[in-house]
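Heads up, the thing below is written out as structure tokens.
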Amino acid sequence: MIELIIMFIKTAVVFGIVLAHVAYTTYAERKIIGRAQARMGPMEVGPHGLLQPIADFIKIFFKEDIVPMNAEKFIFQIAPLIILVFTMINLTVIPFERNFILADLNIGLLFILASASIAVYGIILAGWSSNSRYSFLGGIRSASQVLSYEIALGLSLAGVVLAAGSLSLRDIVIAQHNTALGIYAIPQIIGFIVFVISAFAETNRAPFDLPEAETELVAGYLTEYSAFRYALFFLAEYVAMYIMASLCALCFLGGWTIPKFITQILPFLEKVPGILWFAIKVYAFIFLYIWVRATLPRYRFDQLLNIGWKVLIPAGILNLLIVAFIKKFLAG
Amino acid sequence: MVTLNWYLALSIVVFCIGLFGLLTRRNILIVFLSIEIMLNAINIALVSLSHYLQDVKGQILALFVIAIAGGAVAVGLIILILSYWNKPSLKLEDFNLLRED
Amino acid sequence: MLVQILFGYFAFVIVFSSFMGITRKNIFHSLLWILLMFLHMGGIYLLLNAEFIAMVQIIVYAGAILVMFLFVLFLFNFKEEINEKIFLSSWQARLYTVLIILFIFILGLLSYEQKYKGPYTIDLIEKQGHTKTIGIALFNEYLLLLLVLGFMLLIPLIGVGLVHRRRQKNGNS
């Protein structure tokens with residue numbers, strides 16, 4: 001009984017911290033993109049605009065909720081919930097520290113891939129149930145983009161699983177710490193690049209954000225959603241960004257550990273708590289997301305699918321072959 | 001204690017529901033879907049037998065069935081799309097070119 | 001006790017949603033009921049200590065095969081033929097046939113006796129993980145079947161490519 005209460009408290013803490021991060025990531029994005037475009041970003045609300053997310057939340061909370069006339073009402077209402085639930089459920093298998101994980105599944109990585117497969121349904125249902133041509137086309141485009149890049153994502157993670165010998169995320173980090181170079185990004189650099197590009201495409205972020213660009217299909221599959229449902233979609237998008245950043249930090253950059261050759265040079269770094277390293281790696285990846293959005297132009301849809309199928313999948317297979325070769329003949 | 005008979009009974013019931021859908025619906029997509037329901041029912045039987053007989057063959061066969069069902073659906077849908085370009089109808093009675101009367 | 005309650009819930013939802021899936025007029029609603037059924041089948045596999053197959057079921061069936069069905073349904077603009085009847089005219093005779101087949105199956109189930117016990121006990125699978133067990137069996141005993149499966153999955157890929165090339169040569173029909 002007491003374990004159940006502790007589990008509830010842990011879950012509430014994790015979800016609360018991630019939601020607070022999501023709220024302030026919207027603020028950070030506007031500030032950083034503003035600075036990249038030689039302007040200041042939000043400065044009005046609170047000192048330097050720090051209370052902007054709270055103002056946004058209050059505004060969205062009081063907006064009117066519109067359901068289009070001929071829309072399928074029930075499916076229209078559950079589509080944002082499907083995406084949100086199956087994105088936030090990934091938070092339960094991510095190890096933030098050596099001993100802090102909500103559910104140490106021994107198939108943790110496969111669980112994340114499975115819930116990503118089901119989150120696609122939220123996009124398709126949102127686009128279809130809005131009973132509007134733009135939403136429908138945007139939904140189909142976005143769903144085909146996510147499905148194509150899921151394969152490349154899986155292939156890059158297959159290299160990591162092959163090197164680590166386990167599907168559990170905690171065991172992957174521990175196996176990673178025991179290798180010579182400490183992180184998997186260096187021997188599997190091709191896999192790392194494939195993962196980063198797939199992570200951008202999976203979360204529908206720039207430069208692959210054609211389905212939600214304002215100049216393209218109005219807003220793609222979320223055109224007909226207003227007020228709080230729109231907020232749920234954006235919440236799901238930012239939580240997905242955090243999941244991808246955490247996966248990158250865990251599988252390719254070492255998670256809560258730092259490589260052994262660095263601690264041999266500077267031994268005082270061993271005393272820093274692991275969660276700080278994890279946070280630094282995740283923040284660096286989120287900053288990369290925002291930086292790329294401010295910098296790169298977006299791809300046309302057929303160029304997007306071209307990259308996913310014709311470039312990333314062969315690169316992923318090549319990476320898998322290299323890892324298999326290294327594991328059989330070199331490291332043993 | 002959930003014994004093996006319960007799982008096999010579930011598999012039989014789902015198989016017969018799929019069989020009913022296969023035999024009586026007029027829409028071709030629902031017929032394809034009923035084939036998938038029947039394959040899933042077989043999978044339940046395979047995995048539960050493999051669990052209670054403590055062997056791994058059933059689960060390997062279930063994996064193969066899942067993979068082959070994926071391939072079968074892909075090929076079936078390609079053929080359906082090709083025939084839809086020819087004659088845009090989804091009703092079973094319209095595919096009667098080989099009938100003799 | 002918990003296992004029995006979970007089995008009861010999963011079995012009820014599977015039977016109910018498969019029945020609803022084949023009796024709806026709107027194809028799209030049928031597909032959504034079948035999606036529910038596939039997710040609960042993943043749950044049944046988890047009860048049977050087969051976690052790898054549960055995840056593969058969700059990724060492949062619920063996440064790829066049903067999405068293929070949905071895309072075919074959307075992209076080809078099947079006009080909603082409002083049929084008054086969704087069943088064939090002779091559906092009662094076929095229902096009786098299915099009930100007879102069900103009766104024969106149940107007779108077979110009642111006369112089943114378990115005579116064989118293999119070496120893969122539940123403790124062994126829990127100790128080394130289900131993925132590893134299946135991996136060792138697949139790549140040692142069933143390697144030939146795995147390679148043949150790879151070839152068989154290549155065939156739809158080639159088929160789609162051929163259809164696309166023929167469509168390009170003949171002009172979009």
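Residue names in the structure tokens use chain letters A, B, ... in the order shown, residue numbers from 1 in each chain, and ligand numbers from 1 in the order shown.
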Within 6 Å of chain C, which residues of chain B are there when counting only C-alpha atoms? Please give them as a PDB file with C-alpha atoms, in the first residue's frame.
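Output file out.pdb is given in full below:
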ATOM      1  CA  GLY B  21     -17.728 -11.619 -40.925  1.00  0.00           C
ATOM      2  CA  THR B  24     -21.701 -12.637 -44.636  1.00  0.00           C
ATOM      3  CA  ARG B  25     -20.429  -9.097 -45.305  1.00  0.00           C
ATOM      4  CA  ARG B  26     -20.838  -7.526 -48.723  1.00  0.00           C
ATOM      5  CA  LEU B  53       3.148 -26.438 -22.794  1.00  0.00           C
ATOM      6  CA  GLN B  54       6.333 -24.559 -21.897  1.00  0.00           C
ATOM      7  CA  ASP B  55       7.830 -24.524 -25.352  1.00  0.00           C
ATOM      8  CA  GLY B  71       2.701  -9.083 -46.224  1.00  0.00           C
ATOM      9  CA  VAL B  75      -0.493  -7.530 -51.434  1.00  0.00           C
TER      10      VAL B  75
END
Find the residues around Thr26 in chain A up to 9 Å (only C-alpha atoms counted), leave out those fewer than 5 positions away in its own chain, and share them as a PDB file with C-alpha atoms, in the first residue's frame.
ATOM      1  CA  HIS A  21       9.626  22.414 -18.495  1.00  0.00           C
ATOM      2  CA  LYS A  31      13.185  34.233 -26.831  1.00  0.00           C
ATOM      3  CA  PRO A  53       3.636  31.032 -20.353  1.00  0.00           C
ATOM      4  CA  TYR A 238       6.757  19.591 -26.742  1.00  0.00           C
TER       5      TYR A 238
END
Closest of C:Ile58, C:Leu46, C:Ile104, C:Leu143 to chain A - atom-to-atom distances counting only C-alpha atoms: C:Ile58
Got a sec: who's within 9 Å of range 40-42 of chain B, counting only C-alpha atoms, leaving out chain neighbours fewer than 3 positions off, as a PyMOL selection string? (chain B and resi 10-15+18+35-37+45-47+62+65-66) or (chain C and resi 38+41)
With distances taken over only C-alpha atoms, which of A:Ser117, A:Ser166, A:Thr179, A:Ser142 is nearest to chain C?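 Result for the nearest residue to chain C: A:Ser117.
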Residue list for chain A near chain C as an MDAnalysis selection string, 10 Å, only C-alpha atoms: chainID A and resid 75 105:107 110:121 124:125 128 136:137 140 143:144 147 165:167
Pick out each residue of range 65-185 of chain A that DSSP on the backbone tags as alpha helix (DSSP H); I need them as a PDB file with N, CA and C atoms, in the first residue's frame.
ATOM      1  N   LYS A  73     -18.186  13.916 -33.732  1.00  0.00           N
ATOM      2  CA  LYS A  73     -17.937  14.597 -32.463  1.00  0.00           C
ATOM      3  C   LYS A  73     -17.040  13.800 -31.528  1.00  0.00           C
ATOM      4  N   PHE A  74     -17.326  12.501 -31.384  1.00  0.00           N
ATOM      5  CA  PHE A  74     -16.583  11.729 -30.406  1.00  0.00           C
ATOM      6  C   PHE A  74     -15.112  11.621 -30.792  1.00  0.00           C
ATOM      7  N   ILE A  75     -14.853  11.337 -32.080  1.00  0.00           N
ATOM      8  CA  ILE A  75     -13.468  11.166 -32.503  1.00  0.00           C
ATOM      9  C   ILE A  75     -12.732  12.499 -32.472  1.00  0.00           C
ATOM     10  N   PHE A  76     -13.448  13.590 -32.813  1.00  0.00           N
ATOM     11  CA  PHE A  76     -12.849  14.916 -32.727  1.00  0.00           C
ATOM     12  C   PHE A  76     -12.377  15.208 -31.318  1.00  0.00           C
ATOM     13  N   GLN A  77     -13.135  14.717 -30.316  1.00  0.00           N
ATOM     14  CA  GLN A  77     -12.765  15.026 -28.945  1.00  0.00           C
ATOM     15  C   GLN A  77     -11.654  14.130 -28.434  1.00  0.00           C
ATOM     16  N   ILE A  78     -11.580  12.858 -28.908  1.00  0.00           N
ATOM     17  CA  ILE A  78     -10.517  12.029 -28.354  1.00  0.00           C
ATOM     18  C   ILE A  78      -9.210  12.126 -29.079  1.00  0.00           C
ATOM     19  N   ALA A  79      -9.165  12.658 -30.304  1.00  0.00           N
ATOM     20  CA  ALA A  79      -7.888  12.657 -31.025  1.00  0.00           C
ATOM     21  C   ALA A  79      -6.742  13.346 -30.264  1.00  0.00           C
ATOM     22  N   PRO A  80      -6.939  14.552 -29.685  1.00  0.00           N
ATOM     23  CA  PRO A  80      -5.811  15.120 -28.936  1.00  0.00           C
ATOM     24  C   PRO A  80      -5.428  14.280 -27.734  1.00  0.00           C
ATOM     25  N   LEU A  81      -6.424  13.602 -27.133  1.00  0.00           N
ATOM     26  CA  LEU A  81      -6.121  12.775 -25.976  1.00  0.00           C
ATOM     27  C   LEU A  81      -5.269  11.582 -26.359  1.00  0.00           C
ATOM     28  N   ILE A  82      -5.538  11.004 -27.547  1.00  0.00           N
ATOM     29  CA  ILE A  82      -4.742   9.848 -27.960  1.00  0.00           C
ATOM     30  C   ILE A  82      -3.288  10.239 -28.097  1.00  0.00           C
ATOM     31  N   ILE A  83      -3.050  11.372 -28.798  1.00  0.00           N
ATOM     32  CA  ILE A  83      -1.646  11.772 -28.972  1.00  0.00           C
ATOM     33  C   ILE A  83      -1.027  12.074 -27.625  1.00  0.00           C
ATOM     34  N   LEU A  84      -1.754  12.806 -26.770  1.00  0.00           N
ATOM     35  CA  LEU A  84      -1.153  13.224 -25.509  1.00  0.00           C
ATOM     36  C   LEU A  84      -0.831  12.023 -24.630  1.00  0.00           C
ATOM     37  N   VAL A  85      -1.809  11.091 -24.504  1.00  0.00           N
ATOM     38  CA  VAL A  85      -1.594   9.958 -23.605  1.00  0.00           C
ATOM     39  C   VAL A  85      -0.434   9.101 -24.094  1.00  0.00           C
ATOM     40  N   PHE A  86      -0.434   8.796 -25.414  1.00  0.00           N
ATOM     41  CA  PHE A  86       0.613   7.895 -25.869  1.00  0.00           C
ATOM     42  C   PHE A  86       1.955   8.578 -26.019  1.00  0.00           C
ATOM     43  N   THR A  87       2.007   9.900 -25.895  1.00  0.00           N
ATOM     44  CA  THR A  87       3.317  10.546 -25.822  1.00  0.00           C
ATOM     45  C   THR A  87       3.797  10.628 -24.392  1.00  0.00           C
ATOM     46  N   MET A  88       2.878  10.962 -23.453  1.00  0.00           N
ATOM     47  CA  MET A  88       3.333  11.104 -22.079  1.00  0.00           C
ATOM     48  C   MET A  88       3.622   9.767 -21.422  1.00  0.00           C
ATOM     49  N   GLY A 108      11.963  -1.623 -22.492  1.00  0.00           N
ATOM     50  CA  GLY A 108      11.645  -0.202 -22.461  1.00  0.00           C
ATOM     51  C   GLY A 108      11.699   0.476 -23.812  1.00  0.00           C
ATOM     52  N   LEU A 109      12.729   0.201 -24.603  1.00  0.00           N
ATOM     53  CA  LEU A 109      12.897   0.875 -25.889  1.00  0.00           C
ATOM     54  C   LEU A 109      11.803   0.475 -26.853  1.00  0.00           C
ATOM     55  N   LEU A 110      11.416  -0.809 -26.840  1.00  0.00           N
ATOM     56  CA  LEU A 110      10.354  -1.277 -27.718  1.00  0.00           C
ATOM     57  C   LEU A 110       9.028  -0.653 -27.314  1.00  0.00           C
ATOM     58  N   PHE A 111       8.845  -0.392 -26.012  1.00  0.00           N
ATOM     59  CA  PHE A 111       7.638   0.259 -25.520  1.00  0.00           C
ATOM     60  C   PHE A 111       7.528   1.662 -26.092  1.00  0.00           C
ATOM     61  N   ILE A 112       8.666   2.374 -26.146  1.00  0.00           N
ATOM     62  CA  ILE A 112       8.634   3.725 -26.705  1.00  0.00           C
ATOM     63  C   ILE A 112       8.271   3.666 -28.190  1.00  0.00           C
ATOM     64  N   LEU A 113       8.846   2.706 -28.930  1.00  0.00           N
ATOM     65  CA  LEU A 113       8.503   2.584 -30.350  1.00  0.00           C
ATOM     66  C   LEU A 113       7.037   2.233 -30.537  1.00  0.00           C
ATOM     67  N   ALA A 114       6.505   1.350 -29.673  1.00  0.00           N
ATOM     68  CA  ALA A 114       5.100   0.954 -29.809  1.00  0.00           C
ATOM     69  C   ALA A 114       4.174   2.128 -29.553  1.00  0.00           C
ATOM     70  N   SER A 115       4.477   2.925 -28.519  1.00  0.00           N
ATOM     71  CA  SER A 115       3.570   4.046 -28.258  1.00  0.00           C
ATOM     72  C   SER A 115       3.713   5.116 -29.326  1.00  0.00           C
ATOM     73  N   ALA A 116       4.883   5.227 -29.962  1.00  0.00           N
ATOM     74  CA  ALA A 116       5.000   6.159 -31.091  1.00  0.00           C
ATOM     75  C   ALA A 116       4.140   5.690 -32.252  1.00  0.00           C
ATOM     76  N   SER A 117       4.035   4.354 -32.436  1.00  0.00           N
ATOM     77  CA  SER A 117       3.198   3.846 -33.523  1.00  0.00           C
ATOM     78  C   SER A 117       1.741   4.173 -33.295  1.00  0.00           C
ATOM     79  N   ILE A 118       1.291   4.164 -32.028  1.00  0.00           N
ATOM     80  CA  ILE A 118      -0.124   4.422 -31.785  1.00  0.00           C
ATOM     81  C   ILE A 118      -0.418   5.909 -31.798  1.00  0.00           C
ATOM     82  N   ALA A 119       0.583   6.736 -31.471  1.00  0.00           N
ATOM     83  CA  ALA A 119       0.328   8.171 -31.489  1.00  0.00           C
ATOM     84  C   ALA A 119      -0.001   8.659 -32.898  1.00  0.00           C
ATOM     85  N   VAL A 120       0.442   7.917 -33.936  1.00  0.00           N
ATOM     86  CA  VAL A 120       0.111   8.299 -35.311  1.00  0.00           C
ATOM     87  C   VAL A 120      -1.396   8.337 -35.512  1.00  0.00           C
ATOM     88  N   TYR A 121      -2.129   7.439 -34.802  1.00  0.00           N
ATOM     89  CA  TYR A 121      -3.582   7.410 -34.956  1.00  0.00           C
ATOM     90  C   TYR A 121      -4.216   8.714 -34.536  1.00  0.00           C
ATOM     91  N   GLY A 122      -3.653   9.349 -33.499  1.00  0.00           N
ATOM     92  CA  GLY A 122      -4.204  10.631 -33.081  1.00  0.00           C
ATOM     93  C   GLY A 122      -4.158  11.636 -34.218  1.00  0.00           C
ATOM     94  N   ILE A 123      -3.026  11.640 -34.967  1.00  0.00           N
ATOM     95  CA  ILE A 123      -2.882  12.600 -36.069  1.00  0.00           C
ATOM     96  C   ILE A 123      -3.896  12.292 -37.168  1.00  0.00           C
ATOM     97  N   ILE A 124      -3.992  10.992 -37.530  1.00  0.00           N
ATOM     98  CA  ILE A 124      -4.916  10.633 -38.617  1.00  0.00           C
ATOM     99  C   ILE A 124      -6.353  10.961 -38.228  1.00  0.00           C
ATOM    100  N   LEU A 125      -6.734  10.607 -36.992  1.00  0.00           N
ATOM    101  CA  LEU A 125      -8.114  10.849 -36.562  1.00  0.00           C
ATOM    102  C   LEU A 125      -8.412  12.335 -36.469  1.00  0.00           C
ATOM    103  N   ALA A 126      -7.409  13.130 -35.996  1.00  0.00           N
ATOM    104  CA  ALA A 126      -7.636  14.572 -35.905  1.00  0.00           C
ATOM    105  C   ALA A 126      -7.878  15.156 -37.286  1.00  0.00           C
ATOM    106  N   GLY A 127      -7.049  14.740 -38.256  1.00  0.00           N
ATOM    107  CA  GLY A 127      -7.218  15.277 -39.594  1.00  0.00           C
ATOM    108  C   GLY A 127      -8.521  14.850 -40.227  1.00  0.00           C
ATOM    109  N   TRP A 128      -8.905  13.596 -40.027  1.00  0.00           N
ATOM    110  CA  TRP A 128     -10.105  13.091 -40.691  1.00  0.00           C
ATOM    111  C   TRP A 128     -11.375  13.609 -40.072  1.00  0.00           C
ATOM    112  N   SER A 129     -11.421  13.676 -38.723  1.00  0.00           N
ATOM    113  CA  SER A 129     -12.685  13.992 -38.072  1.00  0.00           C
ATOM    114  C   SER A 129     -13.021  15.462 -38.151  1.00  0.00           C
ATOM    115  N   ARG A 133     -11.078  19.881 -45.866  1.00  0.00           N
ATOM    116  CA  ARG A 133     -10.072  19.372 -46.816  1.00  0.00           C
ATOM    117  C   ARG A 133      -8.664  19.627 -46.338  1.00  0.00           C
ATOM    118  N   TYR A 134      -8.412  20.868 -45.796  1.00  0.00           N
ATOM    119  CA  TYR A 134      -7.050  21.208 -45.390  1.00  0.00           C
ATOM    120  C   TYR A 134      -6.584  20.310 -44.260  1.00  0.00           C
ATOM    121  N   SER A 135      -7.454  20.113 -43.276  1.00  0.00           N
ATOM    122  CA  SER A 135      -7.057  19.295 -42.131  1.00  0.00           C
ATOM    123  C   SER A 135      -6.765  17.879 -42.567  1.00  0.00           C
ATOM    124  N   PHE A 136      -7.609  17.376 -43.474  1.00  0.00           N
ATOM    125  CA  PHE A 136      -7.460  15.996 -43.901  1.00  0.00           C
ATOM    126  C   PHE A 136      -6.128  15.791 -44.612  1.00  0.00           C
ATOM    127  N   LEU A 137      -5.836  16.690 -45.568  1.00  0.00           N
ATOM    128  CA  LEU A 137      -4.564  16.569 -46.290  1.00  0.00           C
ATOM    129  C   LEU A 137      -3.394  16.710 -45.335  1.00  0.00           C
ATOM    130  N   GLY A 138      -3.498  17.673 -44.414  1.00  0.00           N
ATOM    131  CA  GLY A 138      -2.415  17.868 -43.450  1.00  0.00           C
ATOM    132  C   GLY A 138      -2.219  16.648 -42.579  1.00  0.00           C
ATOM    133  N   GLY A 139      -3.341  16.027 -42.188  1.00  0.00           N
ATOM    134  CA  GLY A 139      -3.235  14.833 -41.360  1.00  0.00           C
ATOM    135  C   GLY A 139      -2.574  13.694 -42.098  1.00  0.00           C
ATOM    136  N   ILE A 140      -2.970  13.478 -43.371  1.00  0.00           N
ATOM    137  CA  ILE A 140      -2.358  12.390 -44.134  1.00  0.00           C
ATOM    138  C   ILE A 140      -0.878  12.638 -44.347  1.00  0.00           C
ATOM    139  N   ARG A 141      -0.526  13.904 -44.667  1.00  0.00           N
ATOM    140  CA  ARG A 141       0.893  14.206 -44.880  1.00  0.00           C
ATOM    141  C   ARG A 141       1.699  13.974 -43.617  1.00  0.00           C
ATOM    142  N   SER A 142       1.154  14.478 -42.514  1.00  0.00           N
ATOM    143  CA  SER A 142       1.893  14.346 -41.262  1.00  0.00           C
ATOM    144  C   SER A 142       2.025  12.896 -40.858  1.00  0.00           C
ATOM    145  N   ALA A 143       0.952  12.111 -41.047  1.00  0.00           N
ATOM    146  CA  ALA A 143       1.020  10.709 -40.661  1.00  0.00           C
ATOM    147  C   ALA A 143       2.010   9.954 -41.526  1.00  0.00           C
ATOM    148  N   SER A 144       2.040  10.221 -42.838  1.00  0.00           N
ATOM    149  CA  SER A 144       3.001   9.480 -43.661  1.00  0.00           C
ATOM    150  C   SER A 144       4.427   9.883 -43.321  1.00  0.00           C
ATOM    151  N   GLN A 145       4.612  11.175 -42.932  1.00  0.00           N
ATOM    152  CA  GLN A 145       5.956  11.573 -42.537  1.00  0.00           C
ATOM    153  C   GLN A 145       6.397  10.832 -41.286  1.00  0.00           C
ATOM    154  N   VAL A 146       5.510  10.775 -40.274  1.00  0.00           N
ATOM    155  CA  VAL A 146       5.885  10.120 -39.021  1.00  0.00           C
ATOM    156  C   VAL A 146       6.149   8.638 -39.248  1.00  0.00           C
ATOM    157  N   LEU A 147       5.292   7.988 -40.077  1.00  0.00           N
ATOM    158  CA  LEU A 147       5.496   6.561 -40.306  1.00  0.00           C
ATOM    159  C   LEU A 147       6.799   6.274 -41.016  1.00  0.00           C
ATOM    160  N   SER A 148       7.157   7.138 -42.002  1.00  0.00           N
ATOM    161  CA  SER A 148       8.387   6.867 -42.743  1.00  0.00           C
ATOM    162  C   SER A 148       9.602   7.001 -41.848  1.00  0.00           C
ATOM    163  N   TYR A 149       9.604   8.029 -40.988  1.00  0.00           N
ATOM    164  CA  TYR A 149      10.793   8.231 -40.176  1.00  0.00           C
ATOM    165  C   TYR A 149      10.851   7.316 -38.974  1.00  0.00           C
ATOM    166  N   GLU A 150       9.742   6.656 -38.640  1.00  0.00           N
ATOM    167  CA  GLU A 150       9.788   5.688 -37.543  1.00  0.00           C
ATOM    168  C   GLU A 150      10.721   4.548 -37.873  1.00  0.00           C
ATOM    169  N   ILE A 151      10.776   4.169 -39.165  1.00  0.00           N
ATOM    170  CA  ILE A 151      11.650   3.057 -39.541  1.00  0.00           C
ATOM    171  C   ILE A 151      13.107   3.441 -39.342  1.00  0.00           C
ATOM    172  N   ALA A 152      13.446   4.662 -39.776  1.00  0.00           N
ATOM    173  CA  ALA A 152      14.838   5.107 -39.614  1.00  0.00           C
ATOM    174  C   ALA A 152      15.184   5.219 -38.138  1.00  0.00           C
ATOM    175  N   LEU A 153      14.205   5.685 -37.318  1.00  0.00           N
ATOM    176  CA  LEU A 153      14.422   5.789 -35.877  1.00  0.00           C
ATOM    177  C   LEU A 153      14.726   4.416 -35.297  1.00  0.00           C
ATOM    178  N   GLY A 154      13.879   3.433 -35.683  1.00  0.00           N
ATOM    179  CA  GLY A 154      14.075   2.085 -35.174  1.00  0.00           C
ATOM    180  C   GLY A 154      15.410   1.502 -35.578  1.00  0.00           C
ATOM    181  N   LEU A 155      15.836   1.787 -36.816  1.00  0.00           N
ATOM    182  CA  LEU A 155      17.128   1.239 -37.259  1.00  0.00           C
ATOM    183  C   LEU A 155      18.284   1.845 -36.484  1.00  0.00           C
ATOM    184  N   SER A 156      18.222   3.158 -36.219  1.00  0.00           N
ATOM    185  CA  SER A 156      19.344   3.745 -35.487  1.00  0.00           C
ATOM    186  C   SER A 156      19.374   3.229 -34.051  1.00  0.00           C
ATOM    187  N   LEU A 157      18.166   3.000 -33.466  1.00  0.00           N
ATOM    188  CA  LEU A 157      18.158   2.455 -32.114  1.00  0.00           C
ATOM    189  C   LEU A 157      18.543   0.989 -32.095  1.00  0.00           C
ATOM    190  N   ALA A 158      18.342   0.279 -33.227  1.00  0.00           N
ATOM    191  CA  ALA A 158      18.740  -1.131 -33.270  1.00  0.00           C
ATOM    192  C   ALA A 158      20.242  -1.274 -33.129  1.00  0.00           C
ATOM    193  N   GLY A 159      20.993  -0.305 -33.674  1.00  0.00           N
ATOM    194  CA  GLY A 159      22.445  -0.348 -33.503  1.00  0.00           C
ATOM    195  C   GLY A 159      22.838  -0.226 -32.039  1.00  0.00           C
ATOM    196  N   VAL A 160      22.132   0.665 -31.329  1.00  0.00           N
ATOM    197  CA  VAL A 160      22.407   0.848 -29.896  1.00  0.00           C
ATOM    198  C   VAL A 160      22.087  -0.424 -29.121  1.00  0.00           C
ATOM    199  N   VAL A 161      20.934  -1.035 -29.462  1.00  0.00           N
ATOM    200  CA  VAL A 161      20.530  -2.244 -28.742  1.00  0.00           C
ATOM    201  C   VAL A 161      21.515  -3.377 -29.002  1.00  0.00           C
ATOM    202  N   LEU A 162      21.996  -3.444 -30.249  1.00  0.00           N
ATOM    203  CA  LEU A 162      22.965  -4.492 -30.570  1.00  0.00           C
ATOM    204  C   LEU A 162      24.247  -4.306 -29.772  1.00  0.00           C
ATOM    205  N   ALA A 163      24.688  -3.051 -29.638  1.00  0.00           N
ATOM    206  CA  ALA A 163      25.929  -2.807 -28.909  1.00  0.00           C
ATOM    207  C   ALA A 163      25.759  -3.036 -27.419  1.00  0.00           C
ATOM    208  N   ALA A 164      24.548  -2.744 -26.895  1.00  0.00           N
ATOM    209  CA  ALA A 164      24.365  -2.835 -25.445  1.00  0.00           C
ATOM    210  C   ALA A 164      23.888  -4.197 -25.010  1.00  0.00           C
ATOM    211  N   LEU A 169      16.300   0.557 -20.971  1.00  0.00           N
ATOM    212  CA  LEU A 169      17.069   1.804 -21.115  1.00  0.00           C
ATOM    213  C   LEU A 169      18.133   1.938 -20.046  1.00  0.00           C
ATOM    214  N   ARG A 170      17.817   1.466 -18.834  1.00  0.00           N
ATOM    215  CA  ARG A 170      18.802   1.577 -17.769  1.00  0.00           C
ATOM    216  C   ARG A 170      20.030   0.722 -18.078  1.00  0.00           C
ATOM    217  N   ASP A 171      19.799  -0.499 -18.595  1.00  0.00           N
ATOM    218  CA  ASP A 171      20.939  -1.359 -18.926  1.00  0.00           C
ATOM    219  C   ASP A 171      21.738  -0.800 -20.080  1.00  0.00           C
ATOM    220  N   ILE A 172      21.064  -0.095 -20.996  1.00  0.00           N
ATOM    221  CA  ILE A 172      21.801   0.494 -22.115  1.00  0.00           C
ATOM    222  C   ILE A 172      22.778   1.539 -21.598  1.00  0.00           C
ATOM    223  N   VAL A 173      22.320   2.375 -20.647  1.00  0.00           N
ATOM    224  CA  VAL A 173      23.229   3.410 -20.147  1.00  0.00           C
ATOM    225  C   VAL A 173      24.391   2.785 -19.386  1.00  0.00           C
ATOM    226  N   ILE A 174      24.099   1.746 -18.595  1.00  0.00           N
ATOM    227  CA  ILE A 174      25.165   1.118 -17.815  1.00  0.00           C
ATOM    228  C   ILE A 174      26.170   0.440 -18.743  1.00  0.00           C
ATOM    229  N   ALA A 175      25.669  -0.223 -19.806  1.00  0.00           N
ATOM    230  CA  ALA A 175      26.590  -0.854 -20.756  1.00  0.00           C
ATOM    231  C   ALA A 175      27.405   0.197 -21.495  1.00  0.00           C
ATOM    232  N   GLN A 176      26.766   1.346 -21.727  1.00  0.00           N
ATOM    233  CA  GLN A 176      27.465   2.410 -22.429  1.00  0.00           C
ATOM    234  C   GLN A 176      28.618   2.950 -21.585  1.00  0.00           C
ATOM    235  N   HIS A 177      28.379   3.042 -20.268  1.00  0.00           N
ATOM    236  CA  HIS A 177      29.389   3.593 -19.389  1.00  0.00           C
ATOM    237  C   HIS A 177      30.617   2.702 -19.337  1.00  0.00           C
TER     238      HIS A 177
END
